[in-house]
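Peer 1: Before I ask anything, here is the structure I am working with.
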Amino acid sequence: MKPILYMLIVLLGMVACGEKKSQHARIIFDKYDNGKEKVVHQFFTDTAKLSEDYEYQEFFKNGNLKLRGLENQRIRKGKWEAYYETGEVKATVLYQNDVPHGLITLYEKEGEVLVESSAKQGVVMTDHPEVWNLLVEDFSILERRSNWNDSMDVMIDSMQVLLKRMPEGNESQR
């Protein structure tokens with residue numbers, strides 16, 4: 001089992017490196033119908049090891065950044081930022097172990113602070129509806145974020161891409 005898992009991880013790294021636009025590995029998880037990227041994992045090295053931290057990036061249909069922050073195997077950590085569709089920072093939320101932990105700040109489009117709140121180990125200390133709307137709609141805090149299923153999906157997708165890239169006539173290698 002270990003050799004198969006190791007090979008899948010190596011194949012994932014090869015595919016991720018083939019998709020990169022910079023010197024760092026970049027995995028595009030989803031695209032809009034117009035071809036623009038929707039969800040991207042941007043790694044800080046030239047390989048895409050599942051154990052490494054990466055920057056999660058989500059985009060609006062117009063190509064502007066919608067959400068970004070640091071993850072490791074789908075576990076959020078550190079500072080996360082949400083954006084208005086026009087590109088201005090909408091909010092910052094601090095995460096620890098995949099839950100809000102620390103300062104939560106909402107901004108108006110002009111950059112002025114609208115609301116400041118905080119959270120401790122996932123317990124949000126506010127009754128302000130805009131903070132809750134942000135956390136539910138932009139940060140999807142009510143969704144279950146499974147890292148095992150995502151890892152398997154990435155490996156399966158990567159293998160499918162590699163199989164499609166194999167030259168015709170090499171049926172014995174498939």
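Note on naming: chains are A, B, ... as they come in the structure tokens, residues start from 1 per chain, ligands start from 1 in the order shown.
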Applying 9 Å and only C-alpha atoms, which residues near Thr45 of chain A remain after dropping the ones on its own chain fewer than 4 positions away? List them as a VMD selection string.
Peer 2: chain A and resid 23 to 25 49 52
Peer 1: Which residue, A:Asp33, A:Asp53, A:Glu81, A:Asp98, has the smallest gap to Lys66 of chain A when you use only C-alpha atoms?
Peer 2: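 Once distances to Lys66 of chain A are computed over only C-alpha atoms, the minimum belongs to A:Glu81.
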Peer 1: According to DSSP computed on the backbone, where in segment 6-119 of chain A is there alpha helix (DSSP H)? Give the residues as a ChimeraX atom specification.
Peer 2: /A:6-19
Peer 1: Between A:Gly87, A:Gly35, A:Pro129, A:Pro100, which is the closest to Ile75 of chain A once you count only C-alpha atoms?
Peer 2: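 Checking each of A:Gly87, A:Gly35, A:Pro129, A:Pro100 against Ile75 of chain A, counting only C-alpha atoms, the winner is A:Pro100.
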Peer 1: Please list as a list in words every residue within 8 Å of Lys36 of chain A, counting only C-alpha atoms and excluding residues in the same chain fewer than 4 positions away.
Peer 2: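 That gives Lys31, Tyr32, Lys61, Asn62 and Gly63 of chain A.
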Peer 1: Atoms to include: C-alpha atoms. Write the selected residues as a compact mmCIF listing (two decimals), in the first residue's frame.
Peer 2:
```
# COMPACT_ATOMS: atom_id res chain seq x y z
CA LYS A 31 -12.41 26.86 -13.08
CA TYR A 32 -15.42 28.90 -14.16
CA LYS A 61 -15.87 34.98 -11.89
CA ASN A 62 -14.31 38.31 -13.04
CA GLY A 63 -10.85 37.01 -11.99
```
Peer 1: How far is it from atom CA of Tyr56 of chain A to atom CA of His41 of chain A, in Å with one decimal?
Peer 2: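 Spanning atom CA of Tyr56 of chain A to atom CA of His41 of chain A is a straight-line distance of 4.8 Å.
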Peer 1: Hey, what does DSSP flag as strand (DSSP E) within segment 23-74 of chain A? Can you give it to me as a list in words?
Peer 2: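 DSSP on the backbone gives strand (DSSP E) at Arg26, Ile27, Ile28, Phe29, Asp30, Lys31, Glu37, Lys38, Val39, Val40, His41, Gln42, Phe43, Tyr54, Glu55, Tyr56, Gln57, Glu58, Phe59, Leu65, Lys66, Leu67, Arg68, Gly69, Leu70, Glu71 and Asn72 of chain A.
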Peer 1: With only C-alpha atoms as the atoms that count, which of A:Val39, A:Trp80, A:Gly122, A:Leu50 lies nearest to Asn64 of chain A?
Peer 2: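 Of A:Val39, A:Trp80, A:Gly122, A:Leu50, the one nearest Asn64 of chain A is A:Val39, counting only C-alpha atoms.
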Peer 1: Name the closest residue to Trp132 of chain A among the candidates A:Leu106, A:Arg26, A:Arg165, A:Tyr54; distances are taken between atoms, counting only C-alpha atoms.
Peer 2: A:Leu106
